[in-house]
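Enquirer: What follows is protein_27.pdb, PDB, C-alpha atoms.
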ATOM      1  CA  MET A   2     105.923 105.125  82.519
ATOM      2  CA  THR A   3     103.497 106.871  84.839
ATOM      3  CA  ALA A   4     104.068 105.978  88.487
ATOM      4  CA  LYS A   5     101.168 104.189  90.106
ATOM      5  CA  PRO A   6      99.691 106.318  92.887
ATOM      6  CA  PRO A   7      99.955 104.792  96.372
ATOM      7  CA  GLU A   8      96.956 102.761  97.462
ATOM      8  CA  SER A   9      94.798 104.637  99.927
ATOM      9  CA  HIS A  10      92.508 103.186 102.566
ATOM     10  CA  PRO A  11      89.318 104.865 103.762
ATOM     11  CA  PRO A  12      89.711 106.526 107.154
ATOM     12  CA  GLU A  13      88.655 104.558 110.194
ATOM     13  CA  PRO A  14      85.097 105.386 111.302
ATOM     14  CA  SER A  15      84.873 107.922 114.071
ATOM     15  CA  HIS A  16      84.292 106.906 117.672
ATOM     16  CA  GLN A  17      80.786 108.360 117.452
ATOM     17  CA  ALA A  18      79.902 106.346 114.340
ATOM     18  CA  LEU A  19      81.199 103.121 115.873
ATOM     19  CA  GLU A  20      79.268 103.709 119.091
ATOM     20  CA  GLN A  21      76.083 104.375 117.110
ATOM     21  CA  ALA A  22      76.619 101.235 115.049
ATOM     22  CA  ALA A  23      77.056  99.171 118.204
ATOM     23  CA  GLU A  24      73.863 100.586 119.694
ATOM     24  CA  TRP A  25      71.889  99.819 116.532
ATOM     25  CA  PHE A  26      73.369  96.349 116.380
ATOM     26  CA  ALA A  27      72.430  95.622 119.991
ATOM     27  CA  LEU A  28      68.876  96.853 119.400
ATOM     28  CA  LEU A  29      68.340  94.785 116.244
ATOM     29  CA  LEU A  30      69.888  91.735 117.868
ATOM     30  CA  SER A  31      67.624  92.033 120.898
ATOM     31  CA  GLY A  32      64.468  91.247 118.929
ATOM     32  CA  GLU A  33      62.750  94.271 120.488
ATOM     33  CA  ALA A  34      63.205  96.702 117.595
ATOM     34  CA  THR A  35      59.967  98.073 116.170
ATOM     35  CA  GLU A  36      59.324  98.602 112.474
ATOM     36  CA  ALA A  37      59.817 102.341 113.011
ATOM     37  CA  GLU A  38      63.191 101.710 114.669
ATOM     38  CA  ARG A  39      64.294  99.446 111.830
ATOM     39  CA  ARG A  40      63.382 102.162 109.340
ATOM     40  CA  ARG A  41      65.399 104.690 111.360
ATOM     41  CA  TRP A  42      68.334 102.289 111.308
ATOM     42  CA  GLU A  43      68.059 102.051 107.505
ATOM     43  CA  VAL A  44      68.007 105.850 107.285
ATOM     44  CA  TRP A  45      71.051 106.083 109.556
ATOM     45  CA  LEU A  46      72.875 103.460 107.475
ATOM     46  CA  GLY A  47      72.206 105.344 104.253
ATOM     47  CA  GLU A  48      73.281 108.726 105.572
ATOM     48  CA  SER A  49      77.012 108.258 104.962
ATOM     49  CA  ALA A  50      79.745 105.861 103.887
ATOM     50  CA  GLU A  51      81.195 106.223 107.388
ATOM     51  CA  HIS A  52      78.003 104.793 108.910
ATOM     52  CA  ARG A  53      78.130 101.830 106.545
ATOM     53  CA  GLN A  54      81.806 101.235 107.306
ATOM     54  CA  ALA A  55      81.117 101.387 111.057
ATOM     55  CA  TRP A  56      78.306  98.862 110.633
ATOM     56  CA  GLN A  57      80.676  96.528 108.783
ATOM     57  CA  TYR A  58      83.120  96.775 111.688
ATOM     58  CA  VAL A  59      80.461  95.740 114.169
ATOM     59  CA  GLU A  60      79.220  92.929 111.930
ATOM     60  CA  ARG A  61      82.719  91.591 111.456
ATOM     61  CA  MET A  62      83.482  91.618 115.155
ATOM     62  CA  SER A  63      80.141  90.041 116.012
ATOM     63  CA  ARG A  64      81.003  86.951 114.019
ATOM     64  CA  ARG A  65      84.081  86.477 116.144
ATOM     65  CA  PHE A  66      82.694  87.316 119.561
ATOM     66  CA  ASP A  67      78.935  86.967 119.698
ATOM     67  CA  THR A  68      76.333  84.272 118.960
ATOM     68  CA  LEU A  69      72.567  84.113 119.165
ATOM     69  CA  LYS A  70      71.317  81.684 121.788
ATOM     70  CA  ALA A  71      68.714  79.061 121.002
ATOM     71  CA  GLY A  72      65.100  79.650 121.943
ATOM     72  CA  SER A  73      62.052  81.417 120.607
ATOM     73  CA  ALA A  74      63.150  84.884 121.711
ATOM     74  CA  SER A  75      66.507  84.433 120.035
ATOM     75  CA  ARG A  76      64.880  83.094 116.861
ATOM     76  CA  LEU A  77      62.772  86.239 116.793
ATOM     77  CA  ALA A  78      65.913  88.350 117.237
ATOM     78  CA  ALA A  79      67.647  86.481 114.450
ATOM     79  CA  SER A  80      64.669  86.985 112.156
ATOM     80  CA  ALA A  81      64.500  90.704 112.864
ATOM     81  CA  TYR A  82      68.205  91.083 112.437
ATOM     82  CA  GLN A  83      68.207  89.168 109.140
ATOM     83  CA  GLN A  84      65.315  91.234 107.803
ATOM     84  CA  ALA A  85      67.026  94.493 108.732
ATOM     85  CA  SER A  86      70.358  93.402 107.272
ATOM     86  CA  ASN A  87      69.245  92.204 103.844
ATOM     87  CA  VAL A  88      70.574  95.396 102.290
ATOM     88  CA  LEU A  89      74.064  94.355 103.417
ATOM     89  CA  PHE A  90      73.925  90.768 102.132
ATOM     90  CA  GLN A  91      76.744  91.055  99.626
ATOM     91  CA  ARG A  92      79.047  92.805 102.069
ATOM     92  CA  ARG A  93      78.317  90.153 104.649
ATOM     93  CA  GLN A  94      79.440  87.365 102.296
ATOM     94  CA  LEU A  95      82.840  89.002 102.008
ATOM     95  CA  LEU A  96      83.077  89.456 105.745
ATOM     96  CA  LEU A  97      82.171  85.822 106.347
ATOM     97  CA  GLY A  98      85.319  84.830 104.511
ATOM     98  CA  MET A  99      87.336  87.088 106.790
ATOM     99  CA  ALA A 100      85.599  85.692 109.854
ATOM    100  CA  ALA A 101      86.659  82.199 108.859
ATOM    101  CA  LEU A 102      90.248  83.328 109.323
ATOM    102  CA  ALA A 103      89.479  84.734 112.751
ATOM    103  CA  GLY A 104      89.693  81.395 114.516
ATOM    104  CA  SER A 105      92.953  82.356 116.184
ATOM    105  CA  GLY A 106      93.138  85.036 118.832
ATOM    106  CA  LEU A 107      95.712  86.933 116.787
ATOM    107  CA  LEU A 108      93.460  87.202 113.766
ATOM    108  CA  GLY A 109      90.469  87.990 115.928
ATOM    109  CA  TRP A 110      92.314  90.956 117.403
ATOM    110  CA  MET A 111      93.652  92.207 114.068
ATOM    111  CA  SER A 112      90.563  91.692 111.936
ATOM    112  CA  TRP A 113      88.705  94.829 113.012
ATOM    113  CA  ARG A 114      91.628  97.117 112.189
ATOM    114  CA  PRO A 115      91.421  99.019 108.855
ATOM    115  CA  GLY A 116      93.773  97.856 106.111
ATOM    116  CA  ALA A 117      94.939  94.912 108.214
ATOM    117  CA  MET A 118      94.336  92.060 105.778
ATOM    118  CA  PRO A 119      97.851  91.796 104.207
ATOM    119  CA  GLY A 120      99.537  91.804 107.630
ATOM    120  CA  LEU A 121      96.837  89.506 108.993
ATOM    121  CA  ALA A 122      97.560  86.844 106.379
ATOM    122  CA  GLN A 123     101.315  87.071 106.973
ATOM    123  CA  ALA A 124     100.839  86.761 110.729
ATOM    124  CA  TRP A 125      98.671  83.668 110.299
ATOM    125  CA  LEU A 126     101.480  81.968 108.344
ATOM    126  CA  ALA A 127     104.300  83.120 110.653
ATOM    127  CA  ASP A 128     106.832  80.738 112.185
ATOM    128  CA  HIS A 129     105.943  81.962 115.700
ATOM    129  CA  ARG A 130     102.745  83.742 116.762
ATOM    130  CA  THR A 131     100.558  84.402 119.781
ATOM    131  CA  GLY A 132      96.838  85.022 120.089
ATOM    132  CA  THR A 133      94.846  87.544 122.061
ATOM    133  CA  GLY A 134      95.883  87.499 125.721
ATOM    134  CA  GLU A 135      98.736  85.040 125.114
ATOM    135  CA  VAL A 136     102.345  85.834 126.119
ATOM    136  CA  ARG A 137     104.966  83.260 125.205
ATOM    137  CA  GLU A 138     108.633  82.737 126.072
ATOM    138  CA  MET A 139     110.866  80.631 123.839
ATOM    139  CA  VAL A 140     114.521  79.722 123.321
ATOM    140  CA  LEU A 141     115.788  79.762 119.739
ATOM    141  CA  ALA A 142     118.280  77.280 118.317
ATOM    142  CA  ASP A 143     121.249  79.541 119.104
ATOM    143  CA  GLY A 144     120.199  80.011 122.738
ATOM    144  CA  THR A 145     118.636  83.441 122.222
ATOM    145  CA  ARG A 146     115.595  83.985 124.465
ATOM    146  CA  VAL A 147     112.534  85.655 122.952
ATOM    147  CA  TRP A 148     109.371  86.799 124.680
ATOM    148  CA  LEU A 149     106.415  87.240 122.339
ATOM    149  CA  ASN A 150     103.711  89.646 123.488
ATOM    150  CA  ALA A 151     100.002  89.035 122.871
ATOM    151  CA  ALA A 152      98.759  89.248 119.261
ATOM    152  CA  SER A 153     102.301  89.162 117.893
ATOM    153  CA  ALA A 154     104.091  87.224 115.164
ATOM    154  CA  PHE A 155     107.542  86.827 113.640
ATOM    155  CA  ASN A 156     109.423  84.694 111.143
ATOM    156  CA  GLN A 157     112.826  83.199 111.883
ATOM    157  CA  HIS A 158     115.658  82.526 109.427
ATOM    158  CA  PHE A 159     119.042  81.284 110.620
ATOM    159  CA  ASP A 160     121.726  80.348 108.080
ATOM    160  CA  PRO A 161     125.541  79.924 108.202
ATOM    161  CA  VAL A 162     126.009  83.670 107.624
ATOM    162  CA  ARG A 163     123.438  85.447 109.790
ATOM    163  CA  ARG A 164     120.616  85.118 112.327
ATOM    164  CA  ARG A 165     117.501  87.015 111.304
ATOM    165  CA  LEU A 166     114.017  87.594 112.718
ATOM    166  CA  HIS A 167     111.255  89.390 110.801
ATOM    167  CA  LEU A 168     108.664  91.001 113.089
ATOM    168  CA  LEU A 169     105.239  90.924 111.414
ATOM    169  CA  ALA A 170     102.940  92.102 114.207
ATOM    170  CA  GLY A 171     103.004  93.138 117.838
ATOM    171  CA  GLU A 172     106.057  93.148 120.108
ATOM    172  CA  ILE A 173     109.039  90.988 121.051
ATOM    173  CA  LEU A 174     111.651  91.194 123.804
ATOM    174  CA  ILE A 175     114.992  89.640 122.839
ATOM    175  CA  ASP A 176     117.937  88.536 124.958
ATOM    176  CA  THR A 177     120.575  87.558 122.402
ATOM    177  CA  ALA A 178     122.944  84.674 122.967
ATOM    178  CA  ALA A 179     126.612  84.642 122.016
ATOM    179  CA  ASP A 180     127.030  82.721 118.781
ATOM    180  CA  PRO A 181     130.046  80.373 118.384
ATOM    181  CA  SER A 182     130.091  81.165 114.648
ATOM    182  CA  GLN A 183     129.898  84.911 115.392
ATOM    183  CA  ARG A 184     126.920  85.345 113.081
ATOM    184  CA  PRO A 185     125.330  88.803 113.388
ATOM    185  CA  PHE A 186     121.792  88.982 114.785
ATOM    186  CA  TYR A 187     119.224  91.098 112.916
ATOM    187  CA  VAL A 188     115.585  92.022 113.438
ATOM    188  CA  GLU A 189     113.715  93.304 110.408
ATOM    189  CA  THR A 190     110.509  95.359 110.453
ATOM    190  CA  PRO A 191     108.609  97.080 107.629
ATOM    191  CA  GLN A 192     110.436 100.300 108.560
ATOM    192  CA  GLY A 193     114.035  99.077 108.660
ATOM    193  CA  CYS A 194     116.629  96.704 110.062
ATOM    194  CA  LEU A 195     118.143  96.435 113.554
ATOM    195  CA  GLN A 196     121.429  94.723 114.419
ATOM    196  CA  ALA A 197     121.936  93.545 117.980
ATOM    197  CA  LEU A 198     125.332  94.349 119.449
ATOM    198  CA  GLY A 199     125.371  91.896 122.371
ATOM    199  CA  THR A 200     122.147  93.071 123.877
ATOM    200  CA  ARG A 201     118.698  92.824 125.466
ATOM    201  CA  PHE A 202     116.054  94.921 123.712
ATOM    202  CA  SER A 203     112.397  95.124 122.734
ATOM    203  CA  VAL A 204     110.882  95.906 119.341
ATOM    204  CA  ARG A 205     107.264  96.888 118.776
ATOM    205  CA  LEU A 206     105.216  97.730 115.678
ATOM    206  CA  ASP A 207     102.450 100.300 116.009
ATOM    207  CA  ASP A 208      99.487 101.230 113.818
ATOM    208  CA  SER A 209     101.085 104.375 112.393
ATOM    209  CA  ALA A 210     103.760 102.555 110.342
ATOM    210  CA  GLN A 211     106.479 103.025 112.942
ATOM    211  CA  THR A 212     108.841 100.780 114.871
ATOM    212  CA  PHE A 213     109.550 101.347 118.577
ATOM    213  CA  LEU A 214     112.919 100.182 119.925
ATOM    214  CA  ALA A 215     113.998 100.156 123.583
ATOM    215  CA  VAL A 216     117.471  98.937 124.549
ATOM    216  CA  TYR A 217     118.063  97.603 128.065
ATOM    217  CA  GLU A 218     121.557  96.086 127.703
ATOM    218  CA  GLY A 219     124.317  96.467 125.100
ATOM    219  CA  ALA A 220     123.392  98.472 122.002
ATOM    220  CA  VAL A 221     121.391  98.158 118.772
ATOM    221  CA  ALA A 222     122.323  99.600 115.360
ATOM    222  CA  VAL A 223     119.316 100.900 113.407
ATOM    223  CA  ARG A 224     119.040 101.414 109.654
ATOM    224  CA  THR A 225     115.791 102.718 108.171
ATOM    225  CA  GLN A 226     114.495 101.661 104.755
ATOM    226  CA  THR A 227     115.849 104.882 103.234
ATOM    227  CA  GLY A 228     119.295 104.515 104.793
ATOM    228  CA  SER A 229     119.245 106.690 107.926
ATOM    229  CA  THR A 230     121.362 105.089 110.654
ATOM    230  CA  THR A 231     122.044 105.387 114.360
ATOM    231  CA  VAL A 232     123.282 103.277 117.266
ATOM    232  CA  VAL A 233     120.998 103.149 120.305
ATOM    233  CA  PRO A 234     122.881 102.431 123.553
ATOM    234  CA  ALA A 235     121.561 100.751 126.700
ATOM    235  CA  GLY A 236     118.990 102.804 128.573
ATOM    236  CA  GLN A 237     117.724 104.610 125.460
ATOM    237  CA  GLN A 238     114.781 104.205 123.119
ATOM    238  CA  VAL A 239     113.911 105.479 119.666
ATOM    239  CA  ILE A 240     110.972 105.457 117.249
ATOM    240  CA  PHE A 241     111.569 105.260 113.516
ATOM    241  CA  SER A 242     109.598 105.142 110.290
ATOM    242  CA  ALA A 243     110.819 104.029 106.872
ATOM    243  CA  ASP A 244     112.458 107.410 106.287
ATOM    244  CA  SER A 245     113.019 109.102 109.658
ATOM    245  CA  LEU A 246     114.426 108.568 113.143
ATOM    246  CA  SER A 247     113.178 110.265 116.289
ATOM    247  CA  ALA A 248     115.483 111.760 118.888
ATOM    248  CA  MET A 249     116.596 109.296 121.552
ATOM    249  CA  ALA A 250     114.817 109.270 124.911
ATOM    250  CA  PRO A 251     115.350 107.370 128.168
ATOM    251  CA  ALA A 252     113.986 103.816 127.969
ATOM    252  CA  ASP A 253     111.475 102.860 130.626
ATOM    253  CA  PRO A 254     112.550  99.523 132.173
ATOM    254  CA  ALA A 255     108.980  99.091 133.462
ATOM    255  CA  ARG A 256     107.900  98.266 129.899
ATOM    256  CA  GLU A 257     109.462  94.835 130.315
ATOM    257  CA  ALA A 258     106.766  94.019 132.873
ATOM    258  CA  TRP A 259     104.472  92.781 130.075
ATOM    259  CA  THR A 260     106.535  89.583 130.068
ATOM    260  CA  ARG A 261     105.048  88.958 133.541
ATOM    261  CA  GLY A 262     101.504  89.925 132.533
ATOM    262  CA  ILE A 263     101.662  93.359 134.190
ATOM    263  CA  LEU A 264     101.176  96.820 132.721
ATOM    264  CA  ILE A 265     103.101  99.455 134.676
ATOM    265  CA  ALA A 266     101.952 102.965 133.808
ATOM    266  CA  ARG A 267     104.203 105.870 134.705
ATOM    267  CA  ASN A 268     102.489 108.994 133.437
ATOM    268  CA  ILE A 269     101.461 107.538 130.069
ATOM    269  CA  PRO A 270      98.326 108.442 128.059
ATOM    270  CA  LEU A 271      95.153 106.450 128.608
ATOM    271  CA  SER A 272      95.148 105.713 124.870
ATOM    272  CA  GLU A 273      98.391 103.743 125.266
ATOM    273  CA  VAL A 274      96.957 101.774 128.173
ATOM    274  CA  VAL A 275      93.846 100.891 126.176
ATOM    275  CA  ASP A 276      95.972  99.889 123.171
ATOM    276  CA  GLU A 277      97.880  97.472 125.405
ATOM    277  CA  LEU A 278      94.690  96.022 126.867
ATOM    278  CA  ARG A 279      93.237  95.496 123.382
ATOM    279  CA  HIS A 280      95.901  92.855 122.764
ATOM    280  CA  HIS A 281      94.509  90.916 125.730
ATOM    281  CA  TYR A 282      90.754  91.490 125.416
ATOM    282  CA  HIS A 283      88.659  89.061 123.370
ATOM    283  CA  GLY A 284      86.454  91.781 121.966
ATOM    284  CA  TYR A 285      86.440  95.488 121.163
ATOM    285  CA  LEU A 286      87.490  98.325 123.478
ATOM    286  CA  SER A 287      86.119 101.722 122.445
ATOM    287  CA  LEU A 288      87.761 104.843 123.889
ATOM    288  CA  ALA A 289      86.191 108.298 123.578
ATOM    289  CA  PRO A 290      88.813 110.476 121.833
ATOM    290  CA  GLU A 291      88.573 113.287 124.397
ATOM    291  CA  LEU A 292      89.914 110.844 127.027
ATOM    292  CA  ALA A 293      92.958 109.702 125.033
ATOM    293  CA  GLY A 294      95.380 112.134 126.658
ATOM    294  CA  LEU A 295      94.476 111.478 130.305
ATOM    295  CA  ARG A 296      97.612 110.491 132.203
ATOM    296  CA  VAL A 297      97.720 107.096 133.895
ATOM    297  CA  PHE A 298      99.761 105.874 136.850
ATOM    298  CA  GLY A 299      99.856 102.485 138.561
ATOM    299  CA  SER A 300     100.137  98.760 137.887
ATOM    300  CA  TYR A 301      97.377  96.848 136.103
ATOM    301  CA  PRO A 302      96.828  93.164 135.215
ATOM    302  CA  MET A 303      97.176  92.855 131.449
ATOM    303  CA  SER A 304      95.892  89.291 131.566
ATOM    304  CA  ASP A 305      92.553  90.527 132.964
ATOM    305  CA  PRO A 306      91.568  93.630 130.937
ATOM    306  CA  GLU A 307      88.147  93.952 132.591
ATOM    307  CA  ALA A 308      89.721  94.016 136.043
ATOM    308  CA  ALA A 309      92.237  96.598 134.797
ATOM    309  CA  LEU A 310      89.405  98.771 133.442
ATOM    310  CA  ALA A 311      87.526  98.481 136.735
ATOM    311  CA  MET A 312      90.638  99.696 138.551
ATOM    312  CA  LEU A 313      91.001 102.609 136.138
ATOM    313  CA  GLU A 314      87.335 103.521 136.573
ATOM    314  CA  GLN A 315      87.883 103.882 140.332
ATOM    315  CA  VAL A 316      90.712 106.403 140.023
ATOM    316  CA  MET A 317      89.951 108.267 136.796
ATOM    317  CA  PRO A 318      87.018 110.390 135.521
ATOM    318  CA  ILE A 319      85.817 107.640 133.184
ATOM    319  CA  ARG A 320      82.797 105.381 132.908
ATOM    320  CA  VAL A 321      83.106 101.837 131.570
ATOM    321  CA  SER A 322      79.978 100.295 130.048
ATOM    322  CA  ARG A 323      79.157  97.254 127.942
ATOM    323  CA  LYS A 324      77.025  97.708 124.828
ATOM    324  CA  LEU A 325      77.353  94.097 123.662
ATOM    325  CA  SER A 326      78.826  91.020 125.301
ATOM    326  CA  TRP A 327      82.126  91.735 123.550
ATOM    327  CA  TRP A 328      81.954  95.544 123.191
ATOM    328  CA  ILE A 329      83.179  97.755 126.053
ATOM    329  CA  SER A 330      82.888 101.541 125.808
ATOM    330  CA  ILE A 331      85.051 103.936 127.823
ATOM    331  CA  GLU A 332      83.371 107.350 128.102
ATOM    332  CA  ALA A 333      83.744 110.454 130.232
ATOM    333  CA  ARG A 334      82.042 110.104 133.603
ATOM    334  CA  GLY A 335      78.924 112.224 134.008
TER     335      GLY A 335
END
Could the structure of this file be written out as structure tokens, please?

Expert:
Amino acid sequence: MTAKPPESHPPEPSHQALEQAAEWFALLLSGEATEAERRRWEVWLGESAEHRQAWQYVERMSRRFDTLKAGSASRLAASAYQQASNVLFQRRQLLLGMAALAGSGLLGWMSWRPGAMPGLAQAWLADHRTGTGEVREMVLADGTRVWLNAASAFNQHFDPVRRRLHLLAGEILIDTAADPSQRPFYVETPQGCLQALGTRFSVRLDDSAQTFLAVYEGAVAVRTQTGSTTVVPAGQQVIFSADSLSAMAPADPAREAWTRGILIARNIPLSEVVDELRHHYHGYLSLAPELAGLRVFGSYPMSDPEAALAMLEQVMPIRVSRKLSWWISIEARG
């Protein structure tokens, strides 16, 4: 039998294509676009599949975060926008179905990400989940304390033999409780399985099919999907995929600050800061790729992403602008 080739997803549109799509969207929505500008938009849309994919991104996000206000000017904008978008009618029907799922903050945050639909559906049905900007603390039946970061989800299964959590999205911080029945405590991710050895630790999924583990107390045994194993002691962290384990590195205790709504940056890339803020912003944050590696220091309020961006703009060579009510662009200053 011939093996079925792995399913591939189209690459995410470039930053430039997404910024152009947002600018076109804002113009068409304003009701001020001329016939010549609408024709140029149609030409731009037809130039490449990337342009069409970027436009779909903006359309999808607009249904979650933007509405047309009542009034004659807005009716004119709606008419112009509808006329310009007729060529995308069929695509829009599909996206409307996705937008119906976006009622929760979690789905709203995930829905713009490429290839996110399978994980999105699982997260919606999870035993425990948080929306955009929501951080939750809970105590499980065995006394284990769990902090659930924004836009995160996990399933819980406790039986007479074991205690098991399955992380579906985002990040959790776990402080395990001693179990009278001495049942082992496991956390499963798409990349492998972790066993807590009397410990406090955090587990995070990222967009590159990897799991991040940081151990603050005790130790955690890691087993990847392909069988690679290691034990991570307190004060260390590791990143692993389904078939590989990174070298251990010192864990940063400041990462736990997200449980208090604070982002503490100690020489980390701006891209990581923006990724964290995206979990708390009810909209889209666009970062110019040439800025991704800028190093960031300081403490920032995760619960108020716009205030955090304003603070960053004061101390870094960046410019923060708003193309749409829900679209913030971070570009190089000057």

Enquirer: In the coordinates of the file, take the point (127.8, 87.6, 108.6) and a cut-off of 6 Å; then, counting all atoms listed in the file, name each qualifying protein, DNA or RNA residue as a count of residues only.

Expert: 4

Enquirer: Would you mind reading off the distance between atom CA of A:Val316 and atom CA of A:Glu172, one decimal, in Å?

Expert: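 If I compute the distance from atom CA of A:Val316 to atom CA of A:Glu172, I get 28.4 Å.
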
Enquirer: Just say which residues the PyMOL selection byres ((chain A and resi 277) around 12) picks in this file, as a PyMOL selection string.

Expert: chain A and resi 110+133-134+150-152+171-172+205+207+256+259+262-266+269-276+278-282+286+301-306+309-310

Enquirer: Go ahead and write the selection's residues with C-alpha atoms as a short mmCIF file (atom, residue, chain, number, x, y, z; two decimals), keeping the file's coordinate frame.

Expert:
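Generated output (part19.cif):
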data_model
loop_
_atom_site.label_atom_id
_atom_site.label_comp_id
_atom_site.auth_asym_id
_atom_site.auth_seq_id
_atom_site.Cartn_x
_atom_site.Cartn_y
_atom_site.Cartn_z
CA TRP A 110 92.31 90.96 117.40
CA THR A 133 94.85 87.54 122.06
CA GLY A 134 95.88 87.50 125.72
CA ASN A 150 103.71 89.65 123.49
CA ALA A 151 100.00 89.04 122.87
CA ALA A 152 98.76 89.25 119.26
CA GLY A 171 103.00 93.14 117.84
CA GLU A 172 106.06 93.15 120.11
CA ARG A 205 107.26 96.89 118.78
CA ASP A 207 102.45 100.30 116.01
CA ARG A 256 107.90 98.27 129.90
CA TRP A 259 104.47 92.78 130.07
CA GLY A 262 101.50 89.92 132.53
CA ILE A 263 101.66 93.36 134.19
CA LEU A 264 101.18 96.82 132.72
CA ILE A 265 103.10 99.46 134.68
CA ALA A 266 101.95 102.96 133.81
CA ILE A 269 101.46 107.54 130.07
CA PRO A 270 98.33 108.44 128.06
CA LEU A 271 95.15 106.45 128.61
CA SER A 272 95.15 105.71 124.87
CA GLU A 273 98.39 103.74 125.27
CA VAL A 274 96.96 101.77 128.17
CA VAL A 275 93.85 100.89 126.18
CA ASP A 276 95.97 99.89 123.17
CA LEU A 278 94.69 96.02 126.87
CA ARG A 279 93.24 95.50 123.38
CA HIS A 280 95.90 92.86 122.76
CA HIS A 281 94.51 90.92 125.73
CA TYR A 282 90.75 91.49 125.42
CA LEU A 286 87.49 98.32 123.48
CA TYR A 301 97.38 96.85 136.10
CA PRO A 302 96.83 93.16 135.22
CA MET A 303 97.18 92.86 131.45
CA SER A 304 95.89 89.29 131.57
CA ASP A 305 92.55 90.53 132.96
CA PRO A 306 91.57 93.63 130.94
CA ALA A 309 92.24 96.60 134.80
CA LEU A 310 89.40 98.77 133.44
#

Enquirer: May I ask for the distance between atom CA of A:Val297 and atom CA of A:Ser330, given in Å to one decimal place?

Expert: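 Atom-to-atom, atom CA of A:Val297 to atom CA of A:Ser330, that is 17.8 Å.
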
Enquirer: Report, as lines of an AutoDock Vina configuration file, the axis-aligned box around all atoms of stretch 14-20 of chain A present in the file, extended by 6 Å on each side; give centre and edge lengths in Å to one decimal place.

Expert:
center_x = 82.2
center_y = 105.7
center_z = 115.2
size_x = 17.8
size_y = 17.2
size_z = 19.8

Enquirer: Give the answer as one residue: which of A:Ala50, A:Met312, A:Ala243, A:Asp176 has the shortest atom-to-atom distance to A:Val221, using only C-alpha atoms?

Expert: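 Of all the options, A:Asp176 lies closest to A:Val221.
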